[in-house]
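Coordinates as given in final39.cif (mmCIF, C-alpha atoms and all ligand atoms):
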```
data_final
loop_
_atom_site.group_PDB
_atom_site.id
_atom_site.type_symbol
_atom_site.label_atom_id
_atom_site.label_comp_id
_atom_site.auth_asym_id
_atom_site.auth_seq_id
_atom_site.Cartn_x
_atom_site.Cartn_y
_atom_site.Cartn_z
ATOM 1 C CA MET A 1 24.518 65.046 -94.996
ATOM 2 C CA ARG A 2 26.657 62.077 -96.114
ATOM 3 C CA ILE A 3 26.365 58.882 -94.055
ATOM 4 C CA ARG A 4 27.857 55.390 -94.090
ATOM 5 C CA PHE A 5 25.593 52.376 -93.982
ATOM 6 C CA THR A 6 25.610 48.601 -94.316
ATOM 7 C CA LYS A 7 22.928 46.821 -96.351
ATOM 8 C CA MET A 8 21.971 43.476 -94.798
ATOM 9 C CA GLN A 9 19.276 40.826 -95.131
ATOM 10 C CA GLY A 10 17.898 37.994 -93.041
ATOM 11 C CA ALA A 11 15.772 35.511 -95.016
ATOM 12 C CA GLY A 12 15.187 38.311 -97.534
ATOM 13 C CA ASN A 13 13.861 40.817 -94.975
ATOM 14 C CA ASP A 14 16.267 43.672 -95.777
ATOM 15 C CA PHE A 15 17.828 46.388 -93.667
ATOM 16 C CA VAL A 16 19.950 49.512 -93.764
ATOM 17 C CA VAL A 17 22.146 49.326 -90.658
ATOM 18 C CA LEU A 18 23.647 52.504 -89.174
ATOM 19 C CA ASP A 19 26.413 52.817 -86.573
ATOM 20 C CA GLU A 20 25.656 55.403 -83.871
ATOM 21 C CA THR A 21 28.018 53.890 -81.296
ATOM 22 C CA THR A 22 30.313 56.932 -81.368
ATOM 23 C CA GLN A 23 28.089 59.712 -82.702
ATOM 24 C CA ARG A 24 24.355 60.368 -83.138
ATOM 25 C CA LEU A 25 23.197 61.058 -86.696
ATOM 26 C CA ASN A 26 19.977 62.777 -85.510
ATOM 27 C CA LEU A 27 17.904 61.424 -88.408
ATOM 28 C CA THR A 28 14.238 62.325 -88.796
ATOM 29 C CA PRO A 29 11.346 60.104 -89.987
ATOM 30 C CA ALA A 30 11.770 61.672 -93.461
ATOM 31 C CA HIS A 31 15.435 60.599 -93.469
ATOM 32 C CA TYR A 32 14.488 56.998 -92.565
ATOM 33 C CA ARG A 33 11.845 56.986 -95.315
ATOM 34 C CA PHE A 34 14.472 58.212 -97.793
ATOM 35 C CA LEU A 35 16.966 55.494 -96.793
ATOM 36 C CA ALA A 36 14.255 52.819 -97.125
ATOM 37 C CA ASP A 37 13.067 54.104 -100.512
ATOM 38 C CA ARG A 38 13.880 51.525 -103.216
ATOM 39 C CA HIS A 39 13.972 54.114 -106.023
ATOM 40 C CA PHE A 40 15.571 57.228 -104.500
ATOM 41 C CA GLY A 41 17.426 55.812 -101.447
ATOM 42 C CA VAL A 42 19.127 52.530 -100.556
ATOM 43 C CA GLY A 43 15.989 50.388 -100.176
ATOM 44 C CA ALA A 44 15.004 48.450 -97.067
ATOM 45 C CA ASP A 45 12.084 47.128 -95.066
ATOM 46 C CA GLN A 46 13.575 48.528 -91.850
ATOM 47 C CA ILE A 47 16.433 50.800 -90.715
ATOM 48 C CA LEU A 48 18.440 49.514 -87.729
ATOM 49 C CA THR A 49 20.515 51.965 -85.691
ATOM 50 C CA VAL A 50 23.142 50.537 -83.340
ATOM 51 C CA ARG A 51 23.903 52.535 -80.182
ATOM 52 C CA PRO A 52 26.068 52.017 -77.043
ATOM 53 C CA ALA A 53 24.656 50.066 -74.086
ATOM 54 C CA PRO A 54 22.207 52.243 -72.106
ATOM 55 C CA GLN A 55 22.390 49.973 -69.015
ATOM 56 C CA PRO A 56 24.995 47.640 -67.440
ATOM 57 C CA ASP A 57 23.324 44.276 -68.226
ATOM 58 C CA VAL A 58 23.421 44.664 -72.033
ATOM 59 C CA ASP A 59 26.159 45.093 -74.671
ATOM 60 C CA PHE A 60 24.325 47.458 -77.032
ATOM 61 C CA GLU A 61 21.013 49.083 -77.819
ATOM 62 C CA TYR A 62 19.521 49.165 -81.273
ATOM 63 C CA VAL A 63 16.600 51.163 -82.571
ATOM 64 C CA ILE A 64 14.257 50.012 -85.345
ATOM 65 C CA HIS A 65 12.432 52.193 -87.872
ATOM 66 C CA ASN A 66 9.978 50.803 -90.402
ATOM 67 C CA ALA A 67 10.137 51.873 -94.058
ATOM 68 C CA ASP A 68 7.347 54.381 -93.304
ATOM 69 C CA GLY A 69 9.668 56.184 -90.839
ATOM 70 C CA GLY A 70 7.878 55.047 -87.671
ATOM 71 C CA GLU A 71 9.891 53.702 -84.733
ATOM 72 C CA VAL A 72 8.897 50.183 -83.582
ATOM 73 C CA GLU A 73 9.644 47.871 -80.696
ATOM 74 C CA GLN A 74 11.085 44.643 -82.087
ATOM 75 C CA CYS A 75 12.477 43.012 -85.241
ATOM 76 C CA GLY A 76 13.414 39.326 -85.315
ATOM 77 C CA ASN A 77 15.308 39.146 -88.613
ATOM 78 C CA GLY A 78 16.887 42.513 -87.857
ATOM 79 C CA SER A 79 18.219 41.252 -84.532
ATOM 80 C CA ARG A 80 20.179 38.501 -86.297
ATOM 81 C CA CYS A 81 21.622 41.076 -88.726
ATOM 82 C CA PHE A 82 22.415 43.347 -85.765
ATOM 83 C CA VAL A 83 24.686 40.715 -84.163
ATOM 84 C CA ARG A 84 26.407 39.951 -87.479
ATOM 85 C CA PHE A 85 26.949 43.728 -87.933
ATOM 86 C CA VAL A 86 28.528 44.403 -84.509
ATOM 87 C CA ARG A 87 30.877 41.430 -84.962
ATOM 88 C CA GLU A 88 31.867 42.238 -88.569
ATOM 89 C CA GLN A 89 32.434 45.917 -87.744
ATOM 90 C CA GLY A 90 34.694 44.961 -84.809
ATOM 91 C CA LEU A 91 32.352 46.534 -82.242
ATOM 92 C CA THR A 92 32.519 43.326 -80.153
ATOM 93 C CA ASP A 93 34.259 39.941 -80.286
ATOM 94 C CA LYS A 94 31.594 38.223 -78.160
ATOM 95 C CA THR A 95 29.611 35.424 -79.830
ATOM 96 C CA THR A 96 26.747 35.873 -77.353
ATOM 97 C CA VAL A 97 25.407 39.420 -77.261
ATOM 98 C CA ARG A 98 22.634 40.979 -75.167
ATOM 99 C CA VAL A 99 20.885 43.963 -76.680
ATOM 100 C CA LYS A 100 18.182 46.367 -75.578
ATOM 101 C CA VAL A 101 15.414 47.148 -78.034
ATOM 102 C CA HIS A 102 12.223 49.096 -77.384
ATOM 103 C CA GLY A 103 10.331 45.816 -76.899
ATOM 104 C CA GLY A 104 12.706 44.448 -74.206
ATOM 105 C CA VAL A 105 16.133 42.796 -73.899
ATOM 106 C CA ILE A 106 17.065 39.892 -76.184
ATOM 107 C CA THR A 107 20.075 37.551 -76.285
ATOM 108 C CA LEU A 108 21.692 36.522 -79.550
ATOM 109 C CA GLN A 109 24.262 33.887 -80.344
ATOM 110 C CA GLU A 110 26.265 33.535 -83.549
ATOM 111 C CA MET A 111 26.720 29.821 -84.277
ATOM 112 C CA PRO A 112 29.801 28.224 -85.882
ATOM 113 C CA ASP A 113 27.748 27.484 -89.037
ATOM 114 C CA GLY A 114 26.953 31.213 -89.443
ATOM 115 C CA GLN A 115 23.315 30.913 -88.362
ATOM 116 C CA VAL A 116 22.169 33.109 -85.476
ATOM 117 C CA THR A 117 20.070 31.894 -82.551
ATOM 118 C CA VAL A 118 17.896 34.469 -80.797
ATOM 119 C CA ASP A 119 16.187 34.198 -77.422
ATOM 120 C CA MET A 120 13.177 36.377 -78.231
ATOM 121 C CA GLY A 121 11.678 36.274 -74.727
ATOM 122 C CA ALA A 122 8.226 34.966 -73.832
ATOM 123 C CA PRO A 123 5.193 35.820 -75.984
ATOM 124 C CA VAL A 124 2.686 38.208 -74.408
ATOM 125 C CA PHE A 125 -1.047 37.415 -74.645
ATOM 126 C CA ASP A 126 -2.292 40.048 -72.190
ATOM 127 C CA LEU A 127 -4.580 42.085 -74.467
ATOM 128 C CA PRO A 128 -3.815 45.621 -73.204
ATOM 129 C CA GLN A 129 -0.105 44.863 -73.541
ATOM 130 C CA VAL A 130 -0.370 43.669 -77.174
ATOM 131 C CA PRO A 131 -2.170 46.207 -77.465
ATOM 132 C CA PHE A 132 -5.580 44.827 -78.568
ATOM 133 C CA ALA A 133 -8.949 46.532 -78.013
ATOM 134 C CA ALA A 134 -11.332 43.578 -77.622
ATOM 135 C CA ALA A 135 -14.405 45.844 -77.874
ATOM 136 C CA TYR A 136 -13.810 45.972 -81.655
ATOM 137 C CA ALA A 137 -13.735 42.159 -82.059
ATOM 138 C CA THR A 138 -15.746 39.060 -81.130
ATOM 139 C CA ALA A 139 -14.274 36.321 -78.952
ATOM 140 C CA VAL A 140 -14.498 32.900 -80.655
ATOM 141 C CA ASN A 141 -12.792 31.143 -77.733
ATOM 142 C CA ASP A 142 -9.966 31.836 -75.224
ATOM 143 C CA THR A 143 -7.307 32.165 -77.923
ATOM 144 C CA THR A 144 -9.185 33.256 -81.053
ATOM 145 C CA TRP A 145 -10.843 36.512 -82.097
ATOM 146 C CA GLN A 146 -13.041 37.307 -85.059
ATOM 147 C CA LEU A 147 -12.424 40.626 -86.803
ATOM 148 C CA VAL A 148 -14.772 42.088 -89.387
ATOM 149 C CA LEU A 149 -12.713 44.013 -91.934
ATOM 150 C CA SER A 150 -13.839 47.172 -93.734
ATOM 151 C CA ASN A 151 -14.337 45.149 -96.974
ATOM 152 C CA GLY A 152 -16.814 42.869 -95.135
ATOM 153 C CA ASP A 153 -14.445 39.893 -94.748
ATOM 154 C CA ALA A 154 -14.576 38.144 -91.355
ATOM 155 C CA VAL A 155 -11.250 36.654 -90.240
ATOM 156 C CA LYS A 156 -10.315 34.568 -87.190
ATOM 157 C CA VAL A 157 -6.990 35.562 -85.664
ATOM 158 C CA GLY A 158 -4.727 34.807 -82.748
ATOM 159 C CA VAL A 159 -3.366 37.958 -81.123
ATOM 160 C CA VAL A 160 0.098 38.070 -79.553
ATOM 161 C CA SER A 161 2.963 40.440 -78.854
ATOM 162 C CA MET A 162 6.533 39.333 -79.536
ATOM 163 C CA GLY A 163 7.613 42.764 -78.320
ATOM 164 C CA ASN A 164 5.575 44.051 -81.287
ATOM 165 C CA PRO A 165 1.919 43.282 -82.127
ATOM 166 C CA HIS A 166 0.806 40.420 -84.389
ATOM 167 C CA ALA A 167 -2.531 39.049 -85.646
ATOM 168 C CA VAL A 168 -2.179 35.593 -87.206
ATOM 169 C CA GLN A 169 -4.699 33.580 -89.212
ATOM 170 C CA VAL A 170 -4.593 30.131 -90.798
ATOM 171 C CA VAL A 171 -5.112 29.951 -94.566
ATOM 172 C CA ALA A 172 -5.451 26.950 -96.872
ATOM 173 C CA ASP A 173 -2.711 28.122 -99.262
ATOM 174 C CA VAL A 174 -0.422 31.131 -98.756
ATOM 175 C CA ASP A 175 0.025 31.485 -102.531
ATOM 176 C CA THR A 176 -3.648 32.343 -103.019
ATOM 177 C CA ALA A 177 -4.317 33.939 -99.606
ATOM 178 C CA PRO A 178 -5.624 37.549 -99.782
ATOM 179 C CA VAL A 179 -2.473 38.982 -98.151
ATOM 180 C CA LEU A 180 -2.419 42.244 -100.105
ATOM 181 C CA ALA A 181 -6.207 42.760 -99.878
ATOM 182 C CA GLN A 182 -6.659 41.948 -96.177
ATOM 183 C CA GLY A 183 -3.182 42.899 -94.895
ATOM 184 C CA PRO A 184 -3.683 46.697 -94.856
ATOM 185 C CA LEU A 185 -7.226 46.313 -93.451
ATOM 186 C CA ILE A 186 -5.998 44.148 -90.570
ATOM 187 C CA GLU A 187 -2.969 46.418 -90.023
ATOM 188 C CA ASN A 188 -5.261 49.421 -89.548
ATOM 189 C CA HIS A 189 -8.230 47.691 -87.834
ATOM 190 C CA ALA A 190 -9.668 49.612 -84.855
ATOM 191 C CA ALA A 191 -8.908 46.650 -82.568
ATOM 192 C CA PHE A 192 -5.194 47.474 -82.856
ATOM 193 C CA PRO A 193 -4.540 50.967 -81.451
ATOM 194 C CA LYS A 194 -0.847 50.798 -82.473
ATOM 195 C CA ARG A 195 -1.645 48.973 -85.748
ATOM 196 C CA VAL A 196 -0.492 45.379 -86.226
ATOM 197 C CA ASN A 197 1.558 42.965 -88.322
ATOM 198 C CA ALA A 198 -0.806 40.590 -90.179
ATOM 199 C CA GLY A 199 0.328 36.976 -90.575
ATOM 200 C CA PHE A 200 -1.113 34.338 -92.944
ATOM 201 C CA MET A 201 0.065 30.793 -92.182
ATOM 202 C CA GLN A 202 -0.452 27.544 -94.057
ATOM 203 C CA VAL A 203 0.126 24.571 -91.773
ATOM 204 C CA LEU A 204 1.970 21.810 -93.669
ATOM 205 C CA SER A 205 2.466 19.395 -90.754
ATOM 206 C CA ARG A 206 2.910 19.568 -86.974
ATOM 207 C CA ASN A 207 6.509 20.718 -87.579
ATOM 208 C CA ALA A 208 6.310 22.860 -90.716
ATOM 209 C CA LEU A 209 4.394 25.831 -92.009
ATOM 210 C CA ARG A 210 4.495 28.377 -94.818
ATOM 211 C CA LEU A 211 4.073 32.028 -93.870
ATOM 212 C CA ARG A 212 3.459 35.405 -95.462
ATOM 213 C CA VAL A 213 3.347 38.566 -93.354
ATOM 214 C CA PHE A 214 1.939 41.974 -94.244
ATOM 215 C CA GLU A 215 4.106 44.080 -91.949
ATOM 216 C CA ARG A 216 2.975 47.200 -90.151
ATOM 217 C CA GLY A 217 4.751 50.176 -91.721
ATOM 218 C CA ALA A 218 6.482 48.150 -94.446
ATOM 219 C CA GLY A 219 3.900 46.154 -96.415
ATOM 220 C CA GLU A 220 4.466 42.515 -97.348
ATOM 221 C CA THR A 221 8.101 41.495 -96.762
ATOM 222 C CA LEU A 222 9.935 38.352 -97.896
ATOM 223 C CA ALA A 223 10.115 37.231 -94.244
ATOM 224 C CA CYS A 224 9.228 38.508 -90.776
ATOM 225 C CA GLY A 225 11.088 37.016 -87.801
ATOM 226 C CA THR A 226 8.703 38.137 -85.084
ATOM 227 C CA GLY A 227 5.867 37.144 -87.444
ATOM 228 C CA ALA A 228 7.321 33.617 -87.637
ATOM 229 C CA CYS A 229 7.491 33.474 -83.816
ATOM 230 C CA ALA A 230 3.900 34.760 -83.558
ATOM 231 C CA ALA A 231 2.639 32.212 -86.111
ATOM 232 C CA VAL A 232 4.290 29.263 -84.337
ATOM 233 C CA VAL A 233 3.093 30.396 -80.910
ATOM 234 C CA THR A 234 -0.451 30.801 -82.257
ATOM 235 C CA GLY A 235 -0.348 27.421 -84.021
ATOM 236 C CA ILE A 236 0.865 25.718 -80.832
ATOM 237 C CA ARG A 237 -1.882 27.382 -78.768
ATOM 238 C CA TRP A 238 -4.438 26.230 -81.331
ATOM 239 C CA GLY A 239 -3.161 22.628 -81.033
ATOM 240 C CA LEU A 240 -1.916 22.531 -84.637
ATOM 241 C CA LEU A 241 1.854 22.473 -84.084
ATOM 242 C CA ASP A 242 4.550 20.790 -81.982
ATOM 243 C CA PRO A 243 7.165 22.839 -80.067
ATOM 244 C CA CYS A 244 9.777 22.924 -82.885
ATOM 245 C CA VAL A 245 8.625 24.216 -86.268
ATOM 246 C CA THR A 246 10.270 25.068 -89.585
ATOM 247 C CA VAL A 247 8.818 28.239 -91.074
ATOM 248 C CA GLN A 248 9.123 28.625 -94.846
ATOM 249 C CA THR A 249 8.903 32.190 -96.115
ATOM 250 C CA HIS A 250 9.372 33.648 -99.611
ATOM 251 C CA GLY A 251 12.914 34.687 -98.580
ATOM 252 C CA GLY A 252 14.168 31.673 -96.630
ATOM 253 C CA THR A 253 13.600 29.292 -93.760
ATOM 254 C CA LEU A 254 13.543 29.983 -90.022
ATOM 255 C CA THR A 255 13.362 27.489 -87.166
ATOM 256 C CA ILE A 256 11.169 28.483 -84.229
ATOM 257 C CA GLU A 257 10.933 26.682 -80.886
ATOM 258 C CA TRP A 258 8.513 27.327 -78.011
ATOM 259 C CA GLN A 259 7.795 25.054 -75.039
ATOM 260 C CA GLY A 260 4.653 26.995 -74.026
ATOM 261 C CA GLY A 261 3.660 29.195 -71.090
ATOM 262 C CA ASP A 262 6.204 31.785 -69.982
ATOM 263 C CA THR A 263 9.128 30.053 -71.691
ATOM 264 C CA PRO A 264 11.065 32.085 -74.252
ATOM 265 C CA VAL A 265 10.650 31.674 -77.988
ATOM 266 C CA ARG A 266 13.857 30.654 -79.767
ATOM 267 C CA MET A 267 14.471 31.654 -83.370
ATOM 268 C CA ILE A 268 17.278 30.295 -85.572
ATOM 269 C CA GLY A 269 18.026 31.756 -88.989
ATOM 270 C CA PRO A 270 20.484 33.402 -91.360
ATOM 271 C CA ALA A 271 21.947 36.921 -91.417
ATOM 272 C CA THR A 272 23.918 38.244 -94.396
ATOM 273 C CA THR A 273 25.816 41.429 -95.235
ATOM 274 C CA VAL A 274 25.004 42.525 -98.790
ATOM 275 C CA PHE A 275 27.307 45.560 -99.147
ATOM 276 C CA ASN A 276 28.692 48.627 -97.387
ATOM 277 C CA GLY A 277 28.122 52.070 -98.825
ATOM 278 C CA GLU A 278 27.783 55.813 -98.383
ATOM 279 C CA ILE A 279 24.827 57.966 -99.366
ATOM 280 C CA THR A 280 24.045 61.662 -99.332
ATOM 281 C CA ILE A 281 20.752 62.524 -97.643
ATOM 282 C CA PRO A 282 19.292 65.563 -99.463
ATOM 283 C CA ASP A 283 19.187 68.787 -97.406
ATOM 284 C CA THR A 284 15.623 69.337 -98.608
ATOM 285 C CA LEU A 285 14.284 66.486 -96.432
HETATM 286 N N1 LIG B 1 10.633 42.457 -90.062
HETATM 287 C C1 LIG B 1 10.588 42.413 -88.664
HETATM 288 C C2 LIG B 1 9.532 43.188 -87.954
HETATM 289 C C3 LIG B 1 9.746 44.686 -88.144
HETATM 290 C C4 LIG B 1 8.790 45.536 -87.363
HETATM 291 C C5 LIG B 1 7.347 45.362 -87.774
HETATM 292 N N2 LIG B 1 7.099 45.786 -89.123
HETATM 293 C C6 LIG B 1 6.462 46.159 -86.806
HETATM 294 O O1 LIG B 1 5.997 47.246 -87.164
HETATM 295 O O2 LIG B 1 6.250 45.696 -85.685
HETATM 296 C C7 LIG B 1 10.894 41.049 -88.068
HETATM 297 O O3 LIG B 1 11.694 40.313 -88.685
HETATM 298 O O4 LIG B 1 10.433 40.746 -86.973
#
```

Can you dump the structure from the file as structure tokens?
Ligand SMILES: N[C@@H](CCC[C@H](N)C(=O)O)C(=O)O
Amino acid sequence: MRIRFTKMQGAGNDFVVLDETTQRLNLTPAHYRFLADRHFGVGADQILTVRPAPQPDVDFEYVIHNADGGEVEQCGNGSRCFVRFVREQGLTDKTTVRVKVHGGVITLQEMPDGQVTVDMGAPVFDLPQVPFAAAYATAVNDTTWQLVLSNGDAVKVGVVSMGNPHAVQVVADVDTAPVLAQGPLIENHAAFPKRVNAGFMQVLSRNALRLRVFERGAGETLACGTGACAAVVTGIRWGLLDPCVTVQTHGGTLTIEWQGGDTPVRMIGPATTVFNGEITIPDTL
């Protein structure tokens, strides 16, 4: 099967974007893994598939698959690339677009300077909704949990859903933080029945932090948009951050705003088309 795709990136978190607005491609998890493969396919952290609106109050739906082929609920950097894609491909001329993803409905706005602003909705702390199984952790206080990892490390995390699950910890220095050692152990910890994205944040000031995220189903990425939202929300709850924070990642900078409570998290960041292409998916997959 030969398919067209667009390669995009947002702060270095990279995507293969597929257009299913007129016809379904009927791809399998093996096909998504092939597209994401950096040696045999195109290479991407996630595959984004754009579909027609499934309900009257949105403009489109898009579906997210991680590099491991699993379908997930939300993708912050991907959502900015999604809106750039539908505008560049002539699928809409709106600058404000509402889209349904598995994790809810989000609103995106392309700004005159090319940045994209996303209303990510309110963070969810209700443990069953994250989902988080508290029986496998120890409560430190109302907003902090201690997890014991299978290598014996004990880590203190904030747990939040931004449509997808996140566990965030504070580290002294992201450059030396044990992201690759602890990331997979946190991702697969029994407290997270759907696995989790593991964030490591270094607080620089009340308005700036550095962040690395070991993503569920993708490993460490250059940036994670929902991870940036989760880190800022956690830092605000812990009294470390003010409502507007610059998040520095290995792939670029995002601005995250949250006024607390049930208010939505706002994310501002870049979205770039890298190239358009065609690829043959082997029949053997
Ligand atoms: N890179 C994304 C998050 C993609 C999904 C995540 N790996 C998950 O499994 O929830 C972002 O920018 O938010």

Nearby polymer residues, ligand LIG 1 (chain B), at most 10 Å, only C-alpha atoms and all ligand atoms, as number ranges by chain: A: 9-15, 45-48, 64-68, 70-81, 103, 161-166, 187, 194-198, 213-230

Using only C-alpha atoms: which of A:Gly152, A:Ala133, A:Val171, A:Lys7 has the shortest distance to Ala191 of chain A: A:Ala133

Closest atom pairs, segment 97-131 of chain A residues within 7 Å of segment 244-267 of chain A, all atoms listed in the file, as JSON lines:
```
{"residue": "A:Thr117", "atom": "CA", "partner": "A:Met267", "partner_atom": "CA", "distance": 5.7}
{"residue": "A:Val118", "atom": "CA", "partner": "A:Met267", "partner_atom": "CA", "distance": 5.1}
{"residue": "A:Asp119", "atom": "CA", "partner": "A:Arg266", "partner_atom": "CA", "distance": 4.8}
{"residue": "A:Met120", "atom": "CA", "partner": "A:Val265", "partner_atom": "CA", "distance": 5.3}
{"residue": "A:Gly121", "atom": "CA", "partner": "A:Pro264", "partner_atom": "CA", "distance": 4.3}
{"residue": "A:Ala122", "atom": "CA", "partner": "A:Pro264", "partner_atom": "CA", "distance": 4.1}
```

Nearest candidate to Leu204 of chain A (options A:Gly235, A:Pro52, A:Gly90, A:Gly69; using only C-alpha atoms):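 Smallest separation from Leu204 of chain A among the options: A:Gly235.
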
Residue members of the PyMOL selection byres (((chain A and resi 21) around 9) and not hetatm) in the file shown, as a list in words: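 This file, filtered by the PyMOL selection byres (((chain A and resi 21) around 9) and not hetatm), leaves Asp19, Glu20, Thr22, Gln23, Arg24, Thr49, Val50, Arg51, Pro52, Ala53, Phe60 and Leu91 of chain A.
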
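The gap separating atom CA of Arg33 of chain A from atom CA of Leu185 of chain A is 21.9 Å, in Å to one decimal.
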
So which residues touch Ala167 of chain A within 6 Å, counting all atoms listed in the file, skipping near sequence neighbours fewer than 2 positions away, as a PDB file with C-alpha atoms, in the frame of the given file?
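Full text of out13.pdb as output:
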```
ATOM      1  CA  VAL A 157      -6.990  35.562 -85.664  1.00  0.00           C
ATOM      2  CA  GLY A 158      -4.727  34.807 -82.748  1.00  0.00           C
ATOM      3  CA  VAL A 159      -3.366  37.958 -81.123  1.00  0.00           C
ATOM      4  CA  ALA A 198      -0.806  40.590 -90.179  1.00  0.00           C
TER       5      ALA A 198
END
```

Sphere at (-4.0, 44.0, -74.4), radius 10 Å, counting all atoms listed in the file: residues as a list in words: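 Within the cut-off we find Val124, Phe125, Asp126, Leu127, Pro128, Gln129, Val130, Pro131, Phe132, Ala133, Ala134, Val159, Val160, Ser161, Pro165, Ala191, Phe192 and Pro193 of chain A.
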
7 Å contact set for Met201 of chain A, all atoms listed in the file, chain neighbours under 4 positions out, as a list in words: Gln169, Val170, Val171, Val174, Leu209, Arg210, Leu211, Arg212 and Ala231 of chain A

Minimum-distance residue to Gln182 of chain A, chosen among A:Thr138, A:Thr107, A:Asn26, A:Ser150 (using all atoms listed in the file):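 Nearest to Gln182 of chain A: A:Ser150.
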
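Compared by their closest atoms to Leu240 of chain A, and using only C-alpha atoms, the residues A:Val42, A:Arg2, A:Ser205, A:Trp145 rank with A:Ser205 nearest.
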
Of the listed residues A:Val17, A:Ala44, A:Val58, A:Leu35, that which approaches Ile281 of chain A most closely, counting all atoms listed in the file: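 Of A:Val17, A:Ala44, A:Val58, A:Leu35, the one nearest Ile281 of chain A is A:Leu35, counting all atoms listed in the file.
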
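The space between atom CA of Gly269 of chain A and atom CA of Gln89 of chain A spans 20.2 Å.
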